[in-house]
Amino acid sequence: MTKPVVIVVGADKGGVGKTTASRTLLDYFNANNVQTRAFDTESPRGTLKRFHPEITEIVDMTTTADQMKIFDTLNSGLSVTVIDARAGLLSRALASLRDIGFLDAARSGQITFSVFHILGSSIASLDEIAETANFMAGAKYFLVKNFINDTQFFQWDQSTYNSYFHRIKNATELTIPKLNEMAYEQVEVASVPFVDFIANKGRHDEAANYSFVLRGYVRHWLANVWREYDRINLAELAGAKSVTGGGEK
């Protein structure tokens, strides 16, 4: 049996597009036939669950009972668990994983653990890297520049950024490009996964009537995101072989 894969998506700063990144991950794994479940820690109201209600459960990751819901069920038969950590929770979540012995299990090879750290454009995000680095032994650490909100990254001296980035051994950079604003807004209104919007499907798999132009923008954008995921062999991380070919078919 393939060992469990846990991916934590988060940032200590809000408004950096972490839930958007989580949605692209769920679409990617679904397209690659990887059995996946998700936990939305925006308790009591979840954002991720609105787009992926069938596979997403809302939890309060700061409580022991909900931590048990996540980590006592890792051998449920589903290959990948995606945890969308609410803003401000990343460092606390990683500390909790240390305290329950999860990080030790990842370090010993019992669990495949990855962190998708969604970066903001301020120096505070670089400070987050330094803090998060303390928990990354045994984990795959991805630093994600998410341009979804038209963010301009690291306008100061590049050497400042490099000094933080190189503190973490084997960290990998990822880029999520900007999506056309109107296309993004229409997916939000539709409250469906990106792949369903592209396929012109509604919330209950019924035929929809989304704009051809906006669907094209989303298709092209998602293809670029999936190319990044293929580049880092994300499907192989879950014991699968990528069939997305970058996302466009």
# chains A, B, ... in the order shown; residues from 1 in each chain; ligands from 1

call {"tool": "select_by_dssp", "arguments": {"residues": "stretch 73-102 of chain A", "states": "strand (DSSP E)", "output": "list in words"}}
result
Val80, Thr81, Val82, Ile83 and Asp84 of chain A

call {"tool": "residues_around", "arguments": {"residues": "stretch 194-209 of chain A", "least_positions_apart": "5", "cutoff": "10 Å", "atoms": "only C-alpha atoms", "output": "MDAnalysis selection string"}}
result
chainID A and resid 20 23:24 26:28 30:31 50:53 183:184 186:188 214:222 247

call {"tool": "atom_distance", "arguments": {"atom1": "atom CA of A:Met136", "atom2": "atom CA of A:Tyr229"}}
result
19.9 Å

call {"tool": "residues_around", "arguments": {"residues": "A:Gly101", "least_positions_apart": "4", "cutoff": "12 Å", "atoms": "only C-alpha atoms", "output": "JSON, numbers by chain"}}
result
{"A": [71, 94, 95, 96, 97, 105, 106, 107, 108, 110, 111, 135]}

call {"tool": "write_last_selection", "arguments": {"atoms": "N, CA and C atoms", "output": "PDB file, in the first residue's frame"}}
result
ATOM      1  N   PHE A  71      -5.491  13.037  11.374  1.00  0.00           N
ATOM      2  CA  PHE A  71      -4.273  12.235  11.410  1.00  0.00           C
ATOM      3  C   PHE A  71      -4.472  10.805  11.896  1.00  0.00           C
ATOM      4  N   LEU A  94       2.213  23.604  12.150  1.00  0.00           N
ATOM      5  CA  LEU A  94       3.454  22.839  12.098  1.00  0.00           C
ATOM      6  C   LEU A  94       3.955  22.498  13.499  1.00  0.00           C
ATOM      7  N   ALA A  95       3.766  23.421  14.431  1.00  0.00           N
ATOM      8  CA  ALA A  95       4.151  23.130  15.819  1.00  0.00           C
ATOM      9  C   ALA A  95       3.312  21.988  16.378  1.00  0.00           C
ATOM     10  N   SER A  96       2.029  21.958  16.035  1.00  0.00           N
ATOM     11  CA  SER A  96       1.164  20.863  16.488  1.00  0.00           C
ATOM     12  C   SER A  96       1.610  19.538  15.889  1.00  0.00           C
ATOM     13  N   LEU A  97       1.995  19.555  14.621  1.00  0.00           N
ATOM     14  CA  LEU A  97       2.472  18.326  13.979  1.00  0.00           C
ATOM     15  C   LEU A  97       3.753  17.826  14.639  1.00  0.00           C
ATOM     16  N   ALA A 105       7.424  11.006  12.237  1.00  0.00           N
ATOM     17  CA  ALA A 105       6.976   9.943  11.334  1.00  0.00           C
ATOM     18  C   ALA A 105       7.348  10.269   9.892  1.00  0.00           C
ATOM     19  N   ALA A 106       7.241  11.535   9.514  1.00  0.00           N
ATOM     20  CA  ALA A 106       7.631  11.950   8.169  1.00  0.00           C
ATOM     21  C   ALA A 106       9.138  11.807   7.987  1.00  0.00           C
ATOM     22  N   ARG A 107       9.885  12.168   9.004  1.00  0.00           N
ATOM     23  CA  ARG A 107      11.347  12.086   8.936  1.00  0.00           C
ATOM     24  C   ARG A 107      11.815  10.640   8.801  1.00  0.00           C
ATOM     25  N   SER A 108      11.077   9.714   9.402  1.00  0.00           N
ATOM     26  CA  SER A 108      11.453   8.292   9.349  1.00  0.00           C
ATOM     27  C   SER A 108      10.908   7.590   8.110  1.00  0.00           C
ATOM     28  N   GLN A 110       7.651   7.163   7.190  1.00  0.00           N
ATOM     29  CA  GLN A 110       6.336   6.518   7.288  1.00  0.00           C
ATOM     30  C   GLN A 110       5.267   7.294   6.523  1.00  0.00           C
ATOM     31  N   ILE A 111       5.476   8.595   6.366  1.00  0.00           N
ATOM     32  CA  ILE A 111       4.514   9.495   5.721  1.00  0.00           C
ATOM     33  C   ILE A 111       5.290  10.399   4.773  1.00  0.00           C
ATOM     34  N   PHE A 135      10.797  23.470  10.923  1.00  0.00           N
ATOM     35  CA  PHE A 135       9.959  22.281  10.927  1.00  0.00           C
ATOM     36  C   PHE A 135      10.147  21.412   9.684  1.00  0.00           C
TER      37      PHE A 135
END

call {"tool": "closest_residue", "arguments": {"among": "A:Thr63, A:Ser114, A:Thr36, A:Thr175", "to": "A:Asn146", "atoms": "only C-alpha atoms"}}
result
A:Thr175

call {"tool": "residues_around", "arguments": {"residues": "A:Pro44", "least_positions_apart": "6", "cutoff": "10 Å", "atoms": "only C-alpha atoms", "output": "ChimeraX atom specification"}}
result
/A:58-60

call {"tool": "write_last_selection", "arguments": {"atoms": "N, CA, C and O atoms", "output": "PDB file, in the first residue's frame"}}
result
ATOM      1  N   ILE A  58     -14.745  20.560   7.008  1.00  0.00           N
ATOM      2  CA  ILE A  58     -14.302  21.732   7.764  1.00  0.00           C
ATOM      3  C   ILE A  58     -13.882  21.297   9.161  1.00  0.00           C
ATOM      4  O   ILE A  58     -14.630  20.578   9.839  1.00  0.00           O
ATOM      5  N   VAL A  59     -12.692  21.703   9.576  1.00  0.00           N
ATOM      6  CA  VAL A  59     -12.180  21.320  10.895  1.00  0.00           C
ATOM      7  C   VAL A  59     -11.557  22.530  11.574  1.00  0.00           C
ATOM      8  O   VAL A  59     -11.195  23.515  10.917  1.00  0.00           O
ATOM      9  N   ASP A  60     -11.433  22.426  12.872  1.00  0.00           N
ATOM     10  CA  ASP A  60     -10.671  23.398  13.657  1.00  0.00           C
ATOM     11  C   ASP A  60      -9.369  22.713  14.049  1.00  0.00           C
ATOM     12  O   ASP A  60      -9.330  21.908  14.975  1.00  0.00           O
TER      13      ASP A  60
END

call {"tool": "closest_residue", "arguments": {"among": "A:Phe147, A:Pro177, A:Gly239, A:Leu89", "to": "A:Val34", "atoms": "only C-alpha atoms"}}
result
A:Gly239

call {"tool": "closest_residue", "arguments": {"among": "A:Thr47, A:Ser91, A:Thr41, A:Thr244", "to": "A:Gln67", "atoms": "only C-alpha atoms"}}
result
A:Thr41

call {"tool": "closest_residue", "arguments": {"among": "A:Ile55, A:Phe29, A:Ser43, A:Pro4", "to": "A:Asp72", "atoms": "only C-alpha atoms"}}
result
A:Pro4

call {"tool": "atom_distance", "arguments": {"atom1": "atom CA of A:Ala38", "atom2": "atom CA of A:Ser79"}}
result
11.2 Å

call {"tool": "atom_distance", "arguments": {"atom1": "atom CA of A:Val5", "atom2": "atom CA of A:Lys18"}}
result
18.7 Å

call {"tool": "closest_residue", "arguments": {"among": "A:Val80, A:Ala85, A:Ala93, A:Ile176", "to": "A:Ala21", "atoms": "only C-alpha atoms"}}
result
A:Ile176

call {"tool": "select_by_dssp", "arguments": {"residues": "stretch 8-204 of chain A", "states": "alpha helix (DSSP H)", "output": "number ranges by chain"}}
result
A: 18-31, 48-51, 64-71, 90-99, 102-107, 123-132, 158-165, 181-190, 194-198
